[in-house]
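model37.txt follows (compact mmCIF, C-alpha atoms):
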```
# COMPACT_ATOMS: atom_id res chain seq x y z
CA MET A 1 282.31 27.44 -113.47
CA ASP A 2 282.93 28.30 -109.82
CA THR A 3 280.32 27.14 -107.31
CA LYS A 4 279.40 29.58 -104.53
CA GLU A 5 278.02 27.30 -101.84
CA TYR A 6 276.49 23.96 -102.85
CA LYS A 7 277.99 21.39 -105.19
CA ARG A 8 274.68 19.59 -105.79
CA ILE A 9 271.12 20.91 -105.57
CA PHE A 10 268.21 18.48 -105.42
CA GLY A 11 264.85 20.05 -106.23
CA ILE A 12 261.78 17.87 -105.63
CA VAL A 13 258.35 19.01 -106.84
CA LEU A 14 255.47 17.40 -104.94
CA ASP A 15 253.05 17.72 -107.82
CA SER A 16 249.86 19.53 -106.74
CA VAL A 17 250.71 19.79 -103.02
CA GLY A 18 249.39 23.32 -102.49
CA THR A 19 249.23 25.07 -99.14
CA GLY A 20 246.26 27.41 -99.36
CA ALA A 21 244.46 29.64 -101.83
CA ALA A 22 246.66 32.14 -103.69
CA PRO A 23 245.86 35.86 -103.51
CA ASP A 24 244.43 35.68 -107.04
CA ALA A 25 242.42 32.47 -106.43
CA ASN A 26 239.20 34.37 -107.11
CA LYS A 27 240.20 34.68 -110.78
CA PHE A 28 240.19 30.88 -110.98
CA ASP A 29 237.11 30.25 -108.80
CA ASP A 30 239.41 28.61 -106.26
CA VAL A 31 238.77 30.69 -103.14
CA GLY A 32 238.78 28.35 -100.15
CA SER A 33 241.09 25.74 -101.67
CA ASP A 34 243.79 24.34 -99.38
CA THR A 35 245.25 21.00 -100.42
CA LEU A 36 247.39 20.34 -97.33
CA GLY A 37 244.82 21.78 -94.95
CA HIS A 38 241.96 19.67 -96.26
CA VAL A 39 244.06 16.50 -96.37
CA GLY A 40 244.93 17.06 -92.71
CA GLU A 41 241.27 17.56 -91.84
CA ALA A 42 240.31 14.36 -93.65
CA TYR A 43 242.77 12.48 -91.43
CA GLU A 44 241.32 14.04 -88.28
CA GLY A 45 244.72 14.51 -86.69
CA ARG A 46 246.20 11.17 -87.80
CA LEU A 47 248.34 12.59 -90.61
CA ALA A 48 251.97 11.89 -89.64
CA LEU A 49 254.71 13.71 -91.60
CA PRO A 50 257.65 13.91 -89.17
CA ASN A 51 260.32 14.76 -91.74
CA LEU A 52 258.30 17.42 -93.54
CA GLN A 53 257.23 18.70 -90.13
CA LYS A 54 260.80 19.24 -88.93
CA MET A 55 261.57 21.03 -92.20
CA GLY A 56 258.82 23.52 -91.33
CA LEU A 57 255.83 22.37 -93.40
CA SER A 58 253.31 23.82 -90.94
CA ASN A 59 255.52 26.77 -89.96
CA LEU A 60 255.08 28.23 -93.44
CA ARG A 61 251.30 28.41 -92.90
CA GLY A 62 249.17 30.70 -90.78
CA LYS A 63 247.28 27.68 -89.44
CA ALA A 64 249.10 24.40 -88.86
CA ILE A 65 248.09 21.27 -90.75
CA LEU A 66 245.97 19.08 -88.48
CA GLY A 67 248.26 16.33 -87.18
CA VAL A 68 251.41 18.23 -88.23
CA PRO A 69 252.12 20.85 -85.53
CA LYS A 70 254.51 23.72 -86.07
CA VAL A 71 257.99 23.17 -84.66
CA GLU A 72 259.95 25.63 -82.56
CA THR A 73 263.20 25.01 -84.39
CA PRO A 74 262.91 23.84 -88.02
CA ILE A 75 266.07 22.28 -89.40
CA GLY A 76 266.27 24.73 -92.30
CA TYR A 77 264.31 27.42 -94.09
CA TYR A 78 260.63 27.57 -94.98
CA GLY A 79 258.27 29.83 -96.89
CA VAL A 80 255.68 29.90 -99.66
CA MET A 81 255.78 30.85 -103.32
CA GLN A 82 253.09 32.58 -105.36
CA GLU A 83 252.55 32.02 -109.06
CA ILE A 84 252.47 34.83 -111.61
CA SER A 85 251.82 32.68 -114.70
CA ALA A 86 248.47 32.96 -116.43
CA GLY A 87 247.49 29.35 -115.75
CA LYS A 88 247.64 26.70 -113.02
CA ASP A 89 248.88 23.74 -115.03
CA SER A 90 252.07 21.77 -114.38
CA MET A 91 253.69 23.33 -117.42
CA ASP A 92 253.01 26.87 -116.21
CA GLY A 93 254.32 26.05 -112.74
CA HIS A 94 257.50 24.30 -113.82
CA TRP A 95 258.36 26.80 -116.56
CA GLU A 96 257.94 29.64 -114.06
CA MET A 97 260.18 27.84 -111.53
CA MET A 98 262.83 27.81 -114.23
CA GLY A 99 262.56 31.51 -115.08
CA LEU A 100 260.00 31.42 -117.87
CA PRO A 101 256.57 32.54 -116.59
CA VAL A 102 253.65 31.96 -118.97
CA SER A 103 252.13 35.40 -119.54
CA LYS A 104 249.43 34.52 -122.09
CA PRO A 105 246.71 32.03 -121.16
CA LEU A 106 246.83 28.85 -123.19
CA ASP A 107 243.67 27.61 -124.88
CA THR A 108 241.15 25.61 -122.89
CA PHE A 109 238.09 23.80 -124.23
CA PRO A 110 235.17 23.76 -121.77
CA ASN A 111 232.85 22.61 -124.58
CA GLY A 112 235.18 20.06 -126.13
CA PHE A 113 237.56 20.44 -129.06
CA PRO A 114 236.44 22.01 -132.37
CA SER A 115 235.30 19.65 -135.09
CA GLU A 116 238.07 20.66 -137.51
CA LEU A 117 240.70 19.56 -134.98
CA ILE A 118 238.90 16.30 -134.22
CA LYS A 119 238.49 15.48 -137.92
CA LYS A 120 242.20 15.96 -138.58
CA ILE A 121 243.10 13.52 -135.80
CA GLU A 122 240.49 11.03 -137.05
CA THR A 123 241.85 11.25 -140.60
CA PHE A 124 245.46 10.80 -139.51
CA SER A 125 244.73 7.91 -137.15
CA ASP A 126 242.02 6.29 -139.29
CA ARG A 127 240.07 5.93 -136.07
CA LYS A 128 236.85 7.52 -134.81
CA ILE A 129 236.99 9.82 -131.80
CA ILE A 130 234.54 9.45 -128.94
CA GLY A 131 234.08 11.51 -125.78
CA ASN A 132 235.43 14.97 -126.65
CA ARG A 133 234.43 16.78 -123.48
CA PRO A 134 235.91 17.89 -120.15
CA GLU A 135 235.85 14.90 -117.84
CA SER A 136 237.71 12.98 -115.16
CA GLY A 137 239.98 10.46 -116.85
CA THR A 138 238.94 7.53 -114.68
CA LYS A 139 235.27 8.37 -115.19
CA ILE A 140 235.36 8.69 -118.97
CA ILE A 141 237.46 5.52 -119.34
CA ALA A 142 235.00 3.61 -117.15
CA GLU A 143 232.15 4.95 -119.29
CA LEU A 144 233.63 4.50 -122.76
CA GLY A 145 236.44 1.98 -122.27
CA GLU A 146 234.46 -1.12 -123.16
CA HIS A 147 233.17 0.58 -126.31
CA GLN A 148 236.74 1.60 -127.16
CA MET A 149 237.93 -1.98 -126.75
CA GLY A 150 235.24 -3.23 -129.12
CA THR A 151 235.64 -0.58 -131.83
CA GLY A 152 239.23 0.66 -131.64
CA ASP A 153 237.98 4.23 -131.32
CA LEU A 154 240.02 6.88 -129.49
CA ILE A 155 238.75 8.41 -126.25
CA VAL A 156 239.53 12.13 -126.32
CA TYR A 157 238.89 14.37 -123.34
CA THR A 158 240.16 17.50 -121.60
CA SER A 159 239.91 19.26 -118.22
CA GLY A 160 239.93 22.80 -116.91
CA ASP A 161 243.60 22.97 -117.92
CA SER A 162 245.09 23.37 -121.37
CA VAL A 163 245.31 19.65 -122.17
CA LEU A 164 244.21 17.27 -124.91
CA GLN A 165 244.16 13.72 -123.60
CA ILE A 166 243.86 10.58 -125.71
CA ALA A 167 243.05 7.29 -123.96
CA ALA A 168 243.20 3.81 -125.45
CA HIS A 169 243.47 0.26 -124.16
CA GLU A 170 247.01 -1.07 -124.55
CA ASP A 171 245.76 -4.38 -125.95
CA VAL A 172 243.70 -2.60 -128.62
CA ILE A 173 245.99 0.22 -129.70
CA PRO A 174 249.72 -0.44 -129.23
CA LEU A 175 251.66 2.20 -127.34
CA LYS A 176 253.77 3.02 -130.37
CA GLU A 177 250.64 3.84 -132.38
CA LEU A 178 249.07 5.85 -129.55
CA TYR A 179 252.24 7.89 -129.15
CA LYS A 180 252.40 8.52 -132.89
CA ILE A 181 248.82 9.82 -132.85
CA CYS A 182 249.61 12.07 -129.91
CA GLU A 183 252.72 13.40 -131.66
CA TYR A 184 250.55 14.32 -134.63
CA ALA A 185 247.99 15.99 -132.36
CA ARG A 186 250.85 17.91 -130.76
CA SER A 187 251.82 19.29 -134.17
CA LEU A 188 248.31 20.72 -134.58
CA VAL A 189 248.21 22.71 -131.35
CA ASN A 190 251.46 24.66 -131.28
CA GLY A 191 249.69 27.88 -132.35
CA PRO A 192 248.67 30.27 -133.60
CA THR A 193 245.13 28.92 -134.15
CA TYR A 194 245.21 26.59 -131.14
CA THR A 195 247.89 26.65 -128.46
CA ILE A 196 247.60 23.79 -125.96
CA GLY A 197 250.02 23.13 -123.12
CA ARG A 198 250.03 19.33 -123.16
CA VAL A 199 248.84 16.45 -125.30
CA ILE A 200 248.76 13.40 -123.03
CA ALA A 201 248.72 9.74 -124.05
CA ARG A 202 246.60 7.92 -121.45
CA PRO A 203 246.92 4.15 -121.99
CA TYR A 204 244.94 1.83 -119.75
CA ILE A 205 244.50 -1.91 -119.18
CA GLY A 206 241.87 -4.20 -117.69
CA PRO A 207 239.07 -6.52 -118.86
CA ASP A 208 236.06 -4.28 -118.14
CA LYS A 209 234.82 -1.00 -116.69
CA ASP A 210 235.10 -2.28 -113.14
CA HIS A 211 238.77 -3.15 -113.54
CA PHE A 212 240.27 -0.51 -115.88
CA THR A 213 243.55 0.95 -114.65
CA ARG A 214 245.59 3.72 -116.27
CA THR A 215 249.19 2.60 -116.67
CA ALA A 216 252.58 4.21 -116.06
CA ASN A 217 253.03 4.37 -119.85
CA ARG A 218 251.40 7.79 -119.80
CA HIS A 219 253.41 10.22 -121.90
CA ASP A 220 253.12 14.02 -121.99
CA PHE A 221 253.79 15.76 -125.29
CA THR A 222 254.35 19.29 -124.04
CA LEU A 223 254.52 22.60 -125.81
CA ALA A 224 258.22 23.29 -126.26
CA PRO A 225 259.49 26.14 -124.08
CA ILE A 226 258.94 29.45 -125.87
CA GLY A 227 262.26 30.78 -124.61
CA GLN A 228 265.38 29.89 -122.68
CA THR A 229 264.81 28.36 -119.24
CA ASP A 230 267.18 28.17 -116.30
CA LEU A 231 267.86 24.56 -117.31
CA ASP A 232 269.15 25.77 -120.68
CA TYR A 233 271.41 28.32 -119.02
CA LEU A 234 272.75 25.74 -116.57
CA LYS A 235 273.46 23.21 -119.28
CA SER A 236 275.16 25.84 -121.46
CA ALA A 237 277.39 26.68 -118.50
CA GLN A 238 278.28 22.97 -118.22
CA VAL A 239 276.37 22.51 -114.99
CA HIS A 240 275.08 18.93 -115.03
CA THR A 241 271.27 18.78 -115.21
CA ILE A 242 269.18 15.72 -114.36
CA GLY A 243 265.41 15.38 -114.82
CA ILE A 244 263.42 12.75 -112.90
CA GLY A 245 259.76 12.02 -113.65
CA LYS A 246 257.82 14.17 -116.10
CA ILE A 247 260.46 16.94 -115.97
CA ASN A 248 261.85 15.75 -119.30
CA ASP A 249 258.37 15.89 -120.88
CA ILE A 250 257.51 19.31 -119.45
CA PHE A 251 260.64 20.87 -120.92
CA SER A 252 260.61 18.74 -124.11
CA GLY A 253 264.06 17.50 -123.14
CA GLN A 254 265.56 20.98 -123.46
CA GLY A 255 268.29 21.84 -121.00
CA ILE A 256 268.41 18.32 -119.55
CA ASP A 257 271.51 16.12 -119.76
CA VAL A 258 269.99 12.95 -118.30
CA GLY A 259 266.33 12.04 -117.87
CA PHE A 260 264.58 9.25 -115.94
CA HIS A 261 260.95 8.19 -116.40
CA ASN A 262 258.98 7.40 -113.25
CA GLU A 263 256.61 4.48 -112.81
CA SER A 264 255.36 5.96 -109.53
CA ASN A 265 256.36 8.28 -106.68
CA MET A 266 258.34 5.48 -105.08
CA ASP A 267 260.09 4.69 -108.36
CA GLY A 268 260.92 8.38 -108.62
CA MET A 269 262.43 8.32 -105.14
CA ASP A 270 264.45 5.24 -106.15
CA HIS A 271 265.92 7.40 -108.93
CA VAL A 272 266.64 10.20 -106.47
CA ASP A 273 268.43 7.77 -104.15
CA LYS A 274 270.48 6.47 -107.06
CA VAL A 275 271.46 9.93 -108.27
CA MET A 276 272.46 10.91 -104.73
CA GLN A 277 275.12 8.19 -104.85
CA GLU A 278 276.69 9.79 -107.93
CA ASP A 279 279.50 12.33 -107.84
CA PHE A 280 278.54 15.36 -109.91
CA THR A 281 278.28 19.11 -109.78
CA GLY A 282 274.83 20.24 -110.79
CA PHE A 283 271.07 20.28 -110.40
CA CYS A 284 268.74 17.29 -110.09
CA PHE A 285 265.10 18.29 -110.74
CA THR A 286 262.40 15.77 -109.77
CA ASN A 287 258.62 15.65 -110.20
CA LEU A 288 256.48 13.22 -108.20
CA VAL A 289 253.11 13.12 -109.97
CA ASP A 290 251.07 10.55 -108.02
CA PHE A 291 249.67 13.16 -105.62
CA ASP A 292 248.10 14.89 -108.61
CA ALA A 293 247.24 12.12 -111.04
CA MET A 294 246.05 9.47 -108.61
CA TYR A 295 244.52 11.44 -105.75
CA GLY A 296 244.04 15.15 -106.46
CA HIS A 297 242.04 14.86 -109.68
CA ARG A 298 240.12 11.94 -108.20
CA ARG A 299 239.31 13.99 -105.07
CA ASN A 300 240.65 11.31 -102.76
CA PRO A 301 242.05 13.02 -99.63
CA ILE A 302 242.79 9.74 -97.84
CA GLY A 303 244.87 8.40 -100.72
CA PHE A 304 246.55 11.80 -101.01
CA GLY A 305 247.49 11.75 -97.34
CA GLN A 306 248.84 8.22 -97.55
CA ALA A 307 251.00 9.26 -100.52
CA LEU A 308 252.34 12.14 -98.45
CA MET A 309 253.19 9.82 -95.56
CA ASP A 310 254.86 7.37 -97.95
CA PHE A 311 256.93 10.21 -99.38
CA ASP A 312 257.81 11.45 -95.92
CA LYS A 313 259.37 8.08 -95.08
CA ARG A 314 261.51 8.26 -98.22
CA LEU A 315 262.39 11.86 -97.41
CA GLY A 316 264.04 10.54 -94.26
CA THR A 317 266.50 8.61 -96.41
CA VAL A 318 267.21 11.68 -98.54
CA LEU A 319 267.91 13.81 -95.46
CA LYS A 320 270.21 11.14 -94.10
CA ASN A 321 272.17 10.88 -97.36
CA LEU A 322 272.63 14.60 -98.01
CA LYS A 323 276.24 15.75 -97.91
CA ASP A 324 277.36 18.99 -96.33
CA ASP A 325 277.69 20.65 -99.75
CA ASP A 326 274.26 19.43 -100.94
CA LEU A 327 271.09 21.54 -100.89
CA LEU A 328 267.56 20.10 -100.90
CA ILE A 329 264.61 22.25 -102.02
CA LEU A 330 261.04 20.94 -101.80
CA THR A 331 258.11 22.72 -103.45
CA ALA A 332 255.03 22.18 -105.64
CA ASP A 333 253.79 23.40 -109.01
CA HIS A 334 250.14 24.18 -108.11
CA GLY A 335 247.39 22.78 -105.90
CA ASN A 336 244.87 20.02 -106.54
CA ASP A 337 242.73 20.08 -103.44
CA PRO A 338 241.05 16.68 -102.91
CA GLY A 339 238.63 18.35 -100.49
CA PHE A 340 237.50 21.01 -103.00
CA LYS A 341 234.79 21.12 -105.65
CA GLY A 342 235.40 19.86 -109.18
CA THR A 343 238.31 17.76 -110.39
CA ASP A 344 240.76 20.39 -111.67
CA HIS A 345 243.94 21.97 -110.34
CA THR A 346 243.51 24.70 -107.73
CA ARG A 347 245.28 28.07 -107.67
CA GLU A 348 247.26 27.92 -104.45
CA GLN A 349 250.44 29.08 -102.85
CA VAL A 350 253.03 26.30 -102.72
CA PRO A 351 255.45 25.24 -99.97
CA LEU A 352 259.11 26.17 -100.10
CA LEU A 353 261.38 24.10 -97.88
CA ALA A 354 265.17 24.26 -98.05
CA TYR A 355 267.76 22.30 -96.10
CA SER A 356 271.45 21.41 -96.10
CA PRO A 357 273.38 19.59 -93.35
CA SER A 358 275.86 22.48 -93.40
CA MET A 359 273.25 25.08 -92.39
CA LYS A 360 273.95 26.81 -89.10
CA SER A 361 270.71 28.80 -89.11
CA ASN A 362 267.03 28.49 -89.83
CA GLY A 363 264.11 30.80 -90.45
CA SER A 364 261.44 32.05 -92.79
CA LEU A 365 261.94 32.78 -96.48
CA GLY A 366 258.65 34.66 -96.41
CA ILE A 367 256.21 34.89 -99.28
CA ARG A 368 258.09 34.68 -102.55
CA LYS A 369 256.36 36.71 -105.25
CA THR A 370 257.07 34.23 -108.04
CA PHE A 371 257.97 30.56 -108.46
CA ALA A 372 260.98 31.85 -110.41
CA ASP A 373 262.79 32.56 -107.12
CA PHE A 374 263.54 28.82 -107.05
CA GLY A 375 265.42 28.83 -110.35
CA ALA A 376 267.06 32.18 -109.59
CA THR A 377 268.55 30.60 -106.47
CA VAL A 378 269.89 27.62 -108.42
CA LEU A 379 271.47 29.95 -111.00
CA ASP A 380 272.93 32.15 -108.28
CA ASN A 381 274.55 29.14 -106.61
CA PHE A 382 276.33 28.14 -109.80
CA ASN A 383 277.19 31.72 -110.87
CA VAL A 384 275.08 31.45 -114.02
CA SER A 385 273.08 34.32 -115.54
CA GLY A 386 269.54 33.74 -116.81
CA ASN A 387 266.41 35.68 -117.76
CA ALA A 388 266.65 37.96 -114.70
CA VAL A 389 263.27 36.69 -113.51
CA GLY A 390 262.88 35.97 -109.82
CA THR A 391 264.96 36.82 -106.75
CA SER A 392 267.53 34.42 -105.33
CA PHE A 393 267.23 33.45 -101.67
CA LEU A 394 270.73 31.96 -101.58
CA LYS A 395 272.02 34.64 -99.19
CA GLU A 396 269.31 33.76 -96.67
CA LEU A 397 270.36 30.11 -96.80
CA MET A 398 273.99 31.11 -96.20
CA ASN A 399 273.15 32.97 -92.99
CA THR A 400 275.87 32.06 -90.49
CA GLU A 401 274.01 32.77 -87.24
CA GLU A 402 273.73 29.71 -85.01
CA ILE A 403 270.35 27.97 -84.78
CA LYS A 404 268.58 28.91 -81.58
```
Could you show the structure in this file as structure tokens?
Amino acid sequence: MDTKEYKRIFGIVLDSVGTGAAPDANKFDDVGSDTLGHVGEAYEGRLALPNLQKMGLSNLRGKAILGVPKVETPIGYYGVMQEISAGKDSMDGHWEMMGLPVSKPLDTFPNGFPSELIKKIETFSDRKIIGNRPESGTKIIAELGEHQMGTGDLIVYTSGDSVLQIAAHEDVIPLKELYKICEYARSLVNGPTYTIGRVIARPYIGPDKDHFTRTANRHDFTLAPIGQTDLDYLKSAQVHTIGIGKINDIFSGQGIDVGFHNESNMDGMDHVDKVMQEDFTGFCFTNLVDFDAMYGHRRNPIGFGQALMDFDKRLGTVLKNLKDDDLLILTADHGNDPGFKGTDHTREQVPLLAYSPSMKSNGSLGIRKTFADFGATVLDNFNVSGNAVGTSFLKELMNTEEIK
């Protein structure tokens, strides 16, 4: 393996941090969604993201984020990416980033799951299922959690995405048992009758409905990739691959040498800081899910903005610790606009920010026609061939004109 430009690439996915409705948002009833724009409006000009700002976070938009003005000279390159996958779930977004767009819509269940599927899970678990409808996780746990604690039933729910979620109190159903039930449910929905993107274990704790809290012991049992991803190609070429956060779950561990589970965004950034101290040649792929799980779905723009500001502070450390032959790429996998209707993901364009201390130029990467341009760039850097999906922007990053 002969590297072309960067020895290490750090890709960080700010889960659900969209930057405005995608051109096909009408197909998803998401016209008018704008995660970053609405968070900025909620803060009324008080949103402070100095590190993201200098990377060009507002420059990539037609209209700047309130409180985050455009800068005359960004430190690197900026743009947006559009999704071509059939859905707007995390799995669709991440798979597409790694060269495997999802062309066929996965199954969703706006009226709850069919009785035959529910009965199989009940028989396997020897527990009754309650809920079985699309609902906010915090809402359905608050509603049914006390009943679940008293009976040992399983709370099953879904959303507008292709997910089957099973919630249970950790003191009532041990994690090992909950995971085993979810693994069985996963085996039922790999097609062809039902094909679901993720089965999610949603453990919670607390004495009553006013104090229930979902824990970091969440675990995603994801549909295994239906083909080779860029991670597989990198690993096969002996390029070291590291997954931080739910990356390992999303790709079912495939193509990943080392994986780290996150307790939170800040825990995830602790892992990033640790990995940055290691000497390796390869790709570190990180997902920070708190924006999505804690604030987007709960339609909490203030909490979302605070999470962005907390990340921005940690980003300062990352920028400081980057070496000349490191490349940092920031993006997102979809939107989840806390200022929009409903509680589901939103079909949005996503930011694309790229920086290395060795860059002698800056500028726009434009509108990338697929998330797969991200993975194509990583493959290009390490001289690895993949699925030929996406267009590398490595040459743009290697522009040698001096920054003006």
Kindly provide the residues of range 250-352 of chain A that approach range 137-156 of chain A to within 12 Å, each paired with its closest atom pair and their distance in Å to one decimal, based on only C-alpha atoms, listed by chain and increasing number, as CSV.
```
residue,atom,partner,partner_atom,distance
A:Ala293,CA,A:Gly137,CA,9.4
A:Met294,CA,A:Thr138,CA,9.5
A:Tyr295,CA,A:Thr138,CA,11.2
A:His297,CA,A:Gly137,CA,8.7
A:Arg298,CA,A:Thr138,CA,7.9
A:Arg299,CA,A:Thr138,CA,11.6
A:Thr343,CA,A:Gly137,CA,9.9
A:Asp344,CA,A:Gly137,CA,11.2
```
Close residues, His334 in chain A itself excluded, 12 Å, only C-alpha atoms, min 4 positions apart in chain, as a ChimeraX atom specification: /A:13-22,25,30,33-36,80-85,87-94,96-97,161,289,291-292,296,344-351,371
Nearest residue to Gly11 in chain A from the set A:Asp24, A:Asp380, A:Asp326, A:Glu177 (distances using only C-alpha atoms):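 Closest to Gly11 in chain A, using only C-alpha atoms: A:Asp326.
Closest to His219 in chain A among A:Gly335, A:Pro192, A:Pro203, A:Pro50 is A:Pro203, based on only C-alpha atoms.
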Top pick for closest residue to Ser361 in chain A, considering A:Gly76, A:Asn132, A:Thr222, A:Thr377 and counting only C-alpha atoms: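 Looking at the shortest contact to Ser361 in chain A, the residue is A:Gly76.
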Quick one: pull the distance between CA of Ile121 in chain A and CA of Asp220 in chain A, Å, one decimal. 17.1 Å
Pick out the residues sitting within 10 Å of Gly191 in chain A, and hand them over as an NGL selection string; count all atoms listed in the file, and ignore anything fewer than 4 positions along from it in its own chain. :A and (106-107 or 187 or 195-196 or 223)
Residue nearest Gly305 in chain A - candidates A:Asp337, A:Glu72, A:Asp29, A:Asp324, atoms counted: all atoms listed in the file: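 Of the candidates, the smallest distance to Gly305 in chain A is held by A:Asp337.
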I'd like the interatomic distance between CA of Phe283 in chain A and CA of Ile75 in chain A, to a tenth of an Å.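 Going from CA of Phe283 in chain A over to CA of Ile75 in chain A, I get 21.7 Å.
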For range 254-302 of chain A against range 226-249 of chain A, with a cut-off of 7 Å and counting all atoms listed in the file, what is the closest atom pair and its distance in Å to one decimal for every residue that makes the cut, ordered by chain and number, as a tab-separated table?
```
residue	atom	partner	partner_atom	distance
A:Gln254	CA	A:Asp232	CA	6.6
A:Gly255	CA	A:Asp232	CA	4.0
A:Ile256	CA	A:Thr241	CA	5.2
A:Asp257	CA	A:Thr241	CA	5.3
A:Val258	CA	A:Ile242	CA	4.9
A:Gly259	CA	A:Gly243	CA	4.6
A:Phe260	CA	A:Ile244	CA	4.8
A:His261	CA	A:Gly245	CA	4.9
A:Asn262	CA	A:Gly245	CA	4.7
A:Gly268	CA	A:Gly245	CA	6.3
A:Thr281	CA	A:His240	CA	6.2
A:Gly282	CA	A:His240	CA	4.4
A:Phe283	CA	A:Thr241	CA	5.0
A:Cys284	CA	A:Ile242	CA	4.6
A:Phe285	CA	A:Gly243	CA	5.0
A:Thr286	CA	A:Ile244	CA	4.5
A:Asn287	CA	A:Gly245	CA	5.1
A:Leu288	CA	A:Gly245	CA	6.5
```
For the point (248.8, 8.0, -141.2) in the file's frame, write as a list in words all residues with an atom no more than 10 Å away, counting all atoms listed in the file.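 Neighbouring residues, ordered by chain and number, come to Ile121, Glu122, Thr123, Phe124, Ser125, Asp126, Glu177, Lys180, Ile181 and Tyr184 of chain A.
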Give me, please, the distance in Å between CA of Val189 in chain A and CA of Ile166 in chain A, quoted to one decimal. 14.1 Å
Residue contacts of range 204-209 of chain A (6 Å, all atoms listed in the file) excluding same-chain residues fewer than 3 positions away, as a PDB file with C-alpha atoms, keeping the file's coordinate frame:
```
ATOM      1  CA  ALA A 142     235.000   3.610-117.150  1.00  0.00           C
ATOM      2  CA  HIS A 169     243.470   0.260-124.160  1.00  0.00           C
ATOM      3  CA  GLU A 170     247.010  -1.070-124.550  1.00  0.00           C
ATOM      4  CA  PHE A 212     240.270  -0.510-115.880  1.00  0.00           C
ATOM      5  CA  THR A 213     243.550   0.950-114.650  1.00  0.00           C
ATOM      6  CA  ARG A 214     245.590   3.720-116.270  1.00  0.00           C
ATOM      7  CA  THR A 215     249.190   2.600-116.670  1.00  0.00           C
TER       8      THR A 215
END
```
Selected residue of minimal separation from Val102 in chain A among A:Ala216, A:Val384, A:Leu66, A:Ala372, counting all atoms listed in the file: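 Selected residue with least distance to Val102 in chain A: A:Ala372.
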Excluding Asp373 in chain A and its own-chain neighbours fewer than 2 positions away, which residues fall within 12 Å of it when counting all atoms listed in the file? Please give them as a ChimeraX atom specification. /A:79-84,94-101,230,329,331,352,365-371,375-380,386-394
Restrict the selected residues to C-alpha atoms and save them as a tab-separated table (two decimals), in the coordinates of the input.
```
chain	number	residue	atom	x	y	z
A	79	GLY	CA	258.27	29.83	-96.89
A	80	VAL	CA	255.68	29.90	-99.66
A	81	MET	CA	255.78	30.85	-103.32
A	82	GLN	CA	253.09	32.58	-105.36
A	83	GLU	CA	252.55	32.02	-109.06
A	84	ILE	CA	252.47	34.83	-111.61
A	94	HIS	CA	257.50	24.30	-113.82
A	95	TRP	CA	258.36	26.80	-116.56
A	96	GLU	CA	257.94	29.64	-114.06
A	97	MET	CA	260.18	27.84	-111.53
A	98	MET	CA	262.83	27.81	-114.23
A	99	GLY	CA	262.56	31.51	-115.08
A	100	LEU	CA	260.00	31.42	-117.87
A	101	PRO	CA	256.57	32.54	-116.59
A	230	ASP	CA	267.18	28.17	-116.30
A	329	ILE	CA	264.61	22.25	-102.02
A	331	THR	CA	258.11	22.72	-103.45
A	352	LEU	CA	259.11	26.17	-100.10
A	365	LEU	CA	261.94	32.78	-96.48
A	366	GLY	CA	258.65	34.66	-96.41
A	367	ILE	CA	256.21	34.89	-99.28
A	368	ARG	CA	258.09	34.68	-102.55
A	369	LYS	CA	256.36	36.71	-105.25
A	370	THR	CA	257.07	34.23	-108.04
A	371	PHE	CA	257.97	30.56	-108.46
A	375	GLY	CA	265.42	28.83	-110.35
A	376	ALA	CA	267.06	32.18	-109.59
A	377	THR	CA	268.55	30.60	-106.47
A	378	VAL	CA	269.89	27.62	-108.42
A	379	LEU	CA	271.47	29.95	-111.00
A	380	ASP	CA	272.93	32.15	-108.28
A	386	GLY	CA	269.54	33.74	-116.81
A	387	ASN	CA	266.41	35.68	-117.76
A	388	ALA	CA	266.65	37.96	-114.70
A	389	VAL	CA	263.27	36.69	-113.51
A	390	GLY	CA	262.88	35.97	-109.82
A	391	THR	CA	264.96	36.82	-106.75
A	392	SER	CA	267.53	34.42	-105.33
A	393	PHE	CA	267.23	33.45	-101.67
A	394	LEU	CA	270.73	31.96	-101.58
```
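Residues in contact with Leu353 in chain A at 6 Å, where all atoms listed in the file are counted and same-chain residues fewer than 6 positions away are skipped, are listed as A:Tyr77, A:Tyr78, A:Ile329, A:Leu330.
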Can you spit out the residues from that selection as an mmCIF file, in the coordinates of the input, using C-alpha atoms?
```cif
data_model
loop_
_atom_site.group_PDB
_atom_site.id
_atom_site.type_symbol
_atom_site.label_atom_id
_atom_site.label_comp_id
_atom_site.auth_asym_id
_atom_site.auth_seq_id
_atom_site.Cartn_x
_atom_site.Cartn_y
_atom_site.Cartn_z
ATOM 1 C CA TYR A 77 264.310 27.420 -94.090
ATOM 2 C CA TYR A 78 260.630 27.570 -94.980
ATOM 3 C CA ILE A 329 264.610 22.250 -102.020
ATOM 4 C CA LEU A 330 261.040 20.940 -101.800
#
```
